[in-house]
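I have placed the structure first, in the form of structure tokens, so that the comments after it can refer back to it.
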Amino acid sequence: MDNRHALRVVNARFTELLGTAKEDDWELPTPCSEWNVRNLVAHVIGGHAMVTSLLTGKELVTAPGDTVEEWAARVERAAEGEGVLERVVSHPMFGELSGDALLMIRWGDVCVHTWDLAQALGVEFAPEPGLAEAALEWLVPFGPALGASGRFGEGADPGPGADAFARVLAITGRGARPVAGAD
């Protein structure tokens with residue numbers, strides 16, 4: 001999986017869904033129990049700022065009025081930098097890893113938060129199967145540590161025959177994905 005491409009794909013999808021939000025949707029609750037849509041968007045922007053800082057070596061901060069589109073473009077430009085995939089960075093939660101691994105974690109986070117946003121807005125979202133499979137590559141080894149970190153809900157077993165994205169949601173503490181048409 002090309003992590004630069006995956007980042008562009010999930011950023012576009014998150015931005016597309018956010019573009020459908022109405023003014024009063026910003027206060028809707030999300031599956032992240034303490035966040036509404038506004039908090040979720042701030043988290044995505046903050047994550048983009050952190051990753052952009054790590055990739056460029058420049059400390060960047062967000063400001064009121066910053067948009068997801070602006071920070072998505074910044075992190076995507078940073079990802080295109082010379083030697084960025086091989087660069088070793090120090091992530092506050094995952095420790096030292098390559099720039100390529102950092103991009104994988106970033107797009108995985110945005111992918112899951114796109115599902116969170118879709119749930120808040122009452123719309124369907126499922127990433128392309130290849131993205132969900134690739135997200136499992138880094139989530140499975142980190143799974144037990146995610147719940148213990150306090151930043152994720154407790155992981156759960158999605159049940160037999162679960163598809164890759166249902167497993168991603170379960171590992172990140174979101175339980176099993178609702179089945180379309182289920183009560």
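Here, A, B, ... name the chains of the structure tokens in the order displayed, residue numbers run from 1 inside each chain, and ligands are numbered from 1 in the same displayed order.
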
Near-A:Asn11 list (12 Å; only C-alpha atoms; drop same-chain fewer than 3 positions) as a ChimeraX atom specification: /A:3-8,14-18,41,44-45,47-48,68-76,103,106-114,127

Go ahead and save the residues from that selection, with N, CA, C and O atoms, as a compact mmCIF listing (two decimals), in the first residue's frame.
```
# COMPACT_ATOMS: atom_id res chain seq x y z
N ASN A 3 1.41 4.61 1.16
CA ASN A 3 0.84 5.38 2.26
C ASN A 3 0.56 6.83 1.90
O ASN A 3 -0.35 7.43 2.45
N ARG A 4 1.30 7.38 0.96
CA ARG A 4 1.00 8.74 0.51
C ARG A 4 -0.36 8.76 -0.20
O ARG A 4 -1.18 9.65 0.03
N HIS A 5 -0.57 7.78 -1.06
CA HIS A 5 -1.84 7.69 -1.78
C HIS A 5 -2.99 7.46 -0.80
O HIS A 5 -4.04 8.11 -0.88
N ALA A 6 -2.80 6.54 0.14
CA ALA A 6 -3.85 6.24 1.12
C ALA A 6 -4.21 7.48 1.93
O ALA A 6 -5.40 7.74 2.20
N LEU A 7 -3.22 8.28 2.30
CA LEU A 7 -3.48 9.51 3.04
C LEU A 7 -4.33 10.46 2.21
O LEU A 7 -5.30 11.04 2.72
N ARG A 8 -4.01 10.61 0.93
CA ARG A 8 -4.81 11.49 0.06
C ARG A 8 -6.25 10.99 -0.05
O ARG A 8 -7.20 11.77 0.00
N PHE A 14 -12.79 12.19 4.17
CA PHE A 14 -13.17 12.91 5.39
C PHE A 14 -13.69 14.30 5.03
O PHE A 14 -14.74 14.72 5.51
N THR A 15 -12.96 14.99 4.17
CA THR A 15 -13.34 16.34 3.76
C THR A 15 -14.69 16.33 3.03
O THR A 15 -15.53 17.21 3.26
N GLU A 16 -14.88 15.34 2.18
CA GLU A 16 -16.15 15.22 1.46
C GLU A 16 -17.32 15.05 2.43
O GLU A 16 -18.34 15.73 2.31
N LEU A 17 -17.17 14.15 3.39
CA LEU A 17 -18.25 13.95 4.37
C LEU A 17 -18.47 15.20 5.21
O LEU A 17 -19.62 15.58 5.47
N LEU A 18 -17.39 15.83 5.64
CA LEU A 18 -17.53 17.04 6.45
C LEU A 18 -18.25 18.14 5.67
O LEU A 18 -19.02 18.90 6.25
N VAL A 41 -13.25 16.96 14.51
CA VAL A 41 -12.56 17.71 13.47
C VAL A 41 -11.30 18.37 14.03
O VAL A 41 -10.23 18.33 13.40
N VAL A 44 -8.61 15.74 14.24
CA VAL A 44 -8.03 15.41 12.93
C VAL A 44 -7.07 16.52 12.51
O VAL A 44 -5.95 16.24 12.05
N ILE A 45 -7.47 17.77 12.67
CA ILE A 45 -6.58 18.89 12.33
C ILE A 45 -5.32 18.84 13.19
O ILE A 45 -4.20 18.99 12.68
N GLY A 47 -3.95 16.25 14.61
CA GLY A 47 -3.12 15.13 14.18
C GLY A 47 -2.35 15.46 12.92
O GLY A 47 -1.17 15.12 12.78
N HIS A 48 -3.01 16.14 11.98
CA HIS A 48 -2.32 16.57 10.76
C HIS A 48 -1.17 17.52 11.11
O HIS A 48 -0.08 17.43 10.53
N VAL A 68 -9.86 21.65 7.90
CA VAL A 68 -9.35 20.31 7.58
C VAL A 68 -8.65 20.35 6.23
O VAL A 68 -7.58 19.76 6.06
N GLU A 69 -9.23 21.04 5.27
CA GLU A 69 -8.64 21.10 3.93
C GLU A 69 -7.23 21.68 3.96
O GLU A 69 -6.33 21.15 3.29
N GLU A 70 -7.04 22.76 4.73
CA GLU A 70 -5.72 23.39 4.82
C GLU A 70 -4.68 22.42 5.40
O GLU A 70 -3.59 22.27 4.86
N TRP A 71 -5.04 21.77 6.50
CA TRP A 71 -4.08 20.88 7.16
C TRP A 71 -3.90 19.58 6.39
O TRP A 71 -2.79 19.02 6.39
N ALA A 72 -4.94 19.11 5.72
CA ALA A 72 -4.77 17.91 4.87
C ALA A 72 -3.77 18.22 3.76
O ALA A 72 -2.88 17.40 3.48
N ALA A 73 -3.88 19.39 3.16
CA ALA A 73 -2.94 19.77 2.10
C ALA A 73 -1.52 19.89 2.66
O ALA A 73 -0.55 19.47 2.02
N ARG A 74 -1.38 20.44 3.86
CA ARG A 74 -0.04 20.59 4.46
C ARG A 74 0.60 19.24 4.74
O ARG A 74 1.78 19.03 4.44
N VAL A 75 -0.16 18.33 5.32
CA VAL A 75 0.43 17.02 5.65
C VAL A 75 0.74 16.25 4.37
O VAL A 75 1.74 15.55 4.28
N GLU A 76 -0.11 16.40 3.35
CA GLU A 76 0.16 15.73 2.08
C GLU A 76 1.42 16.29 1.41
O GLU A 76 2.23 15.54 0.87
N LEU A 103 3.05 7.86 8.26
CA LEU A 103 1.96 8.12 7.31
C LEU A 103 0.90 7.04 7.39
O LEU A 103 -0.30 7.33 7.31
N ARG A 106 -1.15 7.73 10.38
CA ARG A 106 -1.97 8.94 10.17
C ARG A 106 -3.20 8.64 9.33
O ARG A 106 -4.31 9.02 9.68
N TRP A 107 -2.99 7.97 8.18
CA TRP A 107 -4.17 7.72 7.35
C TRP A 107 -5.09 6.73 8.02
O TRP A 107 -6.30 6.80 7.86
N GLY A 108 -4.55 5.78 8.79
CA GLY A 108 -5.41 4.85 9.52
C GLY A 108 -6.30 5.57 10.52
O GLY A 108 -7.49 5.28 10.64
N ASP A 109 -5.72 6.54 11.21
CA ASP A 109 -6.48 7.34 12.18
C ASP A 109 -7.58 8.13 11.47
O ASP A 109 -8.74 8.14 11.91
N VAL A 110 -7.23 8.78 10.37
CA VAL A 110 -8.23 9.57 9.64
C VAL A 110 -9.32 8.66 9.08
O VAL A 110 -10.50 9.02 9.08
N CYS A 111 -8.94 7.48 8.64
CA CYS A 111 -9.93 6.53 8.10
C CYS A 111 -10.97 6.17 9.16
O CYS A 111 -12.18 6.22 8.92
N VAL A 112 -10.50 5.82 10.36
CA VAL A 112 -11.42 5.47 11.45
C VAL A 112 -12.26 6.68 11.84
O VAL A 112 -13.47 6.56 12.06
N HIS A 113 -11.65 7.85 11.88
CA HIS A 113 -12.42 9.05 12.23
C HIS A 113 -13.39 9.46 11.12
O HIS A 113 -14.40 10.12 11.40
N THR A 114 -13.15 9.03 9.90
CA THR A 114 -14.13 9.25 8.84
C THR A 114 -15.38 8.43 9.14
O THR A 114 -16.50 8.90 8.97
N PRO A 127 -14.32 2.12 3.89
CA PRO A 127 -13.20 2.38 2.97
C PRO A 127 -13.06 1.24 1.97
O PRO A 127 -13.65 0.17 2.14
```

Sel. of alpha helix (DSSP H) residues, stretch 3-181 of chain A, as JSON, numbers by chain: {"A": [3, 4, 5, 6, 7, 8, 9, 10, 11, 12, 13, 14, 15, 16, 17, 18, 37, 38, 39, 40, 41, 42, 43, 44, 45, 46, 47, 48, 49, 50, 51, 52, 53, 54, 55, 56, 68, 69, 70, 71, 72, 73, 74, 75, 76, 77, 78, 79, 99, 100, 101, 102, 103, 104, 105, 106, 107, 108, 109, 110, 111, 112, 113, 114, 115, 116, 117, 118, 119, 120, 121, 129, 130, 131, 132, 133, 134, 135, 136, 137, 138, 139, 140, 141, 142, 143, 144, 145, 146, 147, 148, 164, 165, 166, 167, 168, 169, 170, 171]}

Contacts of stretch 133-141 of chain A at 6 Å (only C-alpha atoms; same-chain gap of 2+ positions) as a list in words: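 My list of contacting residues is Gly108, Gly130, Leu131, Gly143 and Ala164 of chain A.
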
Selected residues, N, CA, C and O atoms, written as an mmCIF file, in the first residue's frame, please.
```cif
data_model
loop_
_atom_site.group_PDB
_atom_site.id
_atom_site.type_symbol
_atom_site.label_atom_id
_atom_site.label_comp_id
_atom_site.auth_asym_id
_atom_site.auth_seq_id
_atom_site.Cartn_x
_atom_site.Cartn_y
_atom_site.Cartn_z
ATOM 1 N N GLY A 108 -4.547 5.785 8.788
ATOM 2 C CA GLY A 108 -5.408 4.851 9.517
ATOM 3 C C GLY A 108 -6.299 5.575 10.515
ATOM 4 O O GLY A 108 -7.493 5.282 10.642
ATOM 5 N N GLY A 130 -8.866 -2.622 0.340
ATOM 6 C CA GLY A 130 -7.414 -2.574 0.447
ATOM 7 C C GLY A 130 -6.933 -1.677 1.580
ATOM 8 O O GLY A 130 -5.940 -1.972 2.239
ATOM 9 N N LEU A 131 -7.645 -0.579 1.818
ATOM 10 C CA LEU A 131 -7.268 0.316 2.907
ATOM 11 C C LEU A 131 -7.493 -0.339 4.259
ATOM 12 O O LEU A 131 -6.660 -0.234 5.157
ATOM 13 N N GLY A 143 -2.696 -3.420 18.859
ATOM 14 C CA GLY A 143 -4.034 -3.560 19.427
ATOM 15 C C GLY A 143 -4.114 -3.532 20.941
ATOM 16 O O GLY A 143 -4.820 -2.704 21.516
ATOM 17 N N ALA A 164 -12.460 -6.880 7.060
ATOM 18 C CA ALA A 164 -11.286 -6.160 7.558
ATOM 19 C C ALA A 164 -11.669 -4.866 8.274
ATOM 20 O O ALA A 164 -11.101 -4.542 9.321
#
```

Nearby residues (only C-alpha atoms) at most 9 Å from stretch 82-84 of chain A, same-chain spacing under 4 positions excluded, as a list in words: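 The residues satisfying every condition are Leu55, Thr56, Ala78, Val88, Ser98, Gly99 and Asp100 of chain A.
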
Pull N, CA, C and O atoms from the residues just selected and write them as a compact mmCIF listing (two decimals), in the first residue's frame.
```
# COMPACT_ATOMS: atom_id res chain seq x y z
N LEU A 55 7.28 15.34 10.22
CA LEU A 55 7.87 15.09 8.90
C LEU A 55 8.79 16.22 8.43
O LEU A 55 9.75 15.97 7.70
N THR A 56 8.48 17.44 8.85
CA THR A 56 9.27 18.59 8.38
C THR A 56 10.32 19.04 9.38
O THR A 56 11.22 19.81 9.02
N ALA A 78 3.95 17.70 3.02
CA ALA A 78 5.07 17.23 3.84
C ALA A 78 5.43 15.79 3.50
O ALA A 78 6.60 15.43 3.48
N VAL A 88 13.50 8.95 10.26
CA VAL A 88 13.05 8.39 11.54
C VAL A 88 12.52 9.54 12.38
O VAL A 88 13.18 10.57 12.55
N SER A 98 9.58 5.04 11.11
CA SER A 98 9.90 5.70 9.84
C SER A 98 8.79 6.67 9.45
O SER A 98 7.65 6.55 9.91
N GLY A 99 9.14 7.59 8.58
CA GLY A 99 8.13 8.51 8.05
C GLY A 99 7.03 7.75 7.34
O GLY A 99 5.86 8.13 7.43
N ASP A 100 7.38 6.67 6.66
CA ASP A 100 6.38 5.86 5.97
C ASP A 100 5.41 5.23 6.98
O ASP A 100 4.20 5.25 6.77
```

All strand (DSSP E or B) residues (DSSP, backbone) inside chain A, as a VMD selection string: chain A and resid 29 36 88 to 91 95 to 98

For A:Leu169, the nearest of the candidates A:Glu128, A:Gly46, A:Pro31, A:Gly19, counting only C-alpha atoms: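 Checking each of A:Glu128, A:Gly46, A:Pro31, A:Gly19 against A:Leu169, counting only C-alpha atoms, the winner is A:Pro31.
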
Can I get the residues of stretch 29-60 of chain A within 8 Å of stretch 115-126 of chain A, each with the closest pair of atoms and their distance in Å to one decimal, using only C-alpha atoms, sorted chain first then ascending number, as CSV?
```
residue,atom,partner,partner_atom,distance
A:Pro29,CA,A:Ala120,CA,6.0
A:Thr30,CA,A:Ala120,CA,4.9
A:Pro31,CA,A:Asp116,CA,5.7
A:Cys32,CA,A:Asp116,CA,7.3
A:Val37,CA,A:Leu117,CA,6.7
A:Leu40,CA,A:Leu117,CA,7.6
```

Would you export the selected residues with N, CA and C atoms as an mmCIF file, in the first residue's frame, please?
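Now in part.cif:
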```
data_model
loop_
_atom_site.group_PDB
_atom_site.id
_atom_site.type_symbol
_atom_site.label_atom_id
_atom_site.label_comp_id
_atom_site.auth_asym_id
_atom_site.auth_seq_id
_atom_site.Cartn_x
_atom_site.Cartn_y
_atom_site.Cartn_z
ATOM 1 N N PRO A 29 -23.088 14.203 18.690
ATOM 2 C CA PRO A 29 -22.122 13.292 19.321
ATOM 3 C C PRO A 29 -21.529 12.343 18.283
ATOM 4 N N THR A 30 -20.332 11.854 18.562
ATOM 5 C CA THR A 30 -19.663 10.880 17.706
ATOM 6 C C THR A 30 -19.454 9.594 18.505
ATOM 7 N N PRO A 31 -19.027 8.518 17.870
ATOM 8 C CA PRO A 31 -18.705 7.298 18.617
ATOM 9 C C PRO A 31 -17.552 7.476 19.610
ATOM 10 N N CYS A 32 -16.763 8.536 19.453
ATOM 11 C CA CYS A 32 -15.742 8.877 20.456
ATOM 12 C C CYS A 32 -16.511 9.554 21.588
ATOM 13 N N VAL A 37 -18.874 16.450 16.809
ATOM 14 C CA VAL A 37 -18.240 16.595 15.493
ATOM 15 C C VAL A 37 -17.154 17.664 15.545
ATOM 16 N N LEU A 40 -14.072 16.212 17.095
ATOM 17 C CA LEU A 40 -13.487 15.230 16.188
ATOM 18 C C LEU A 40 -12.683 15.923 15.092
#
```

Two-atom distance - atom CA of A:Ala42, atom CA of A:Phe94 (Å): 20.9 Å

Residue nearest A:His91 - candidates A:Val61, A:Leu54, A:Ala170, A:Met104, atoms counted: only C-alpha atoms: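 Of all the options, A:Leu54 lies closest to A:His91.
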
Which of A:Arg38, A:Val168, A:Gly173, A:His43 sits closest to A:Lys22 [using only C-alpha atoms]: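 Smallest separation from A:Lys22 among the options: A:Arg38.
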
Interatomic distance (Å, one decimal) between atom CA of A:Arg167 and atom CA of A:Arg87: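 Distance between the two atoms: 29.8 Å.
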
Length of the atom CA of A:Ala79 to atom CA of A:Val51 vector [Å]: 9.1 Å
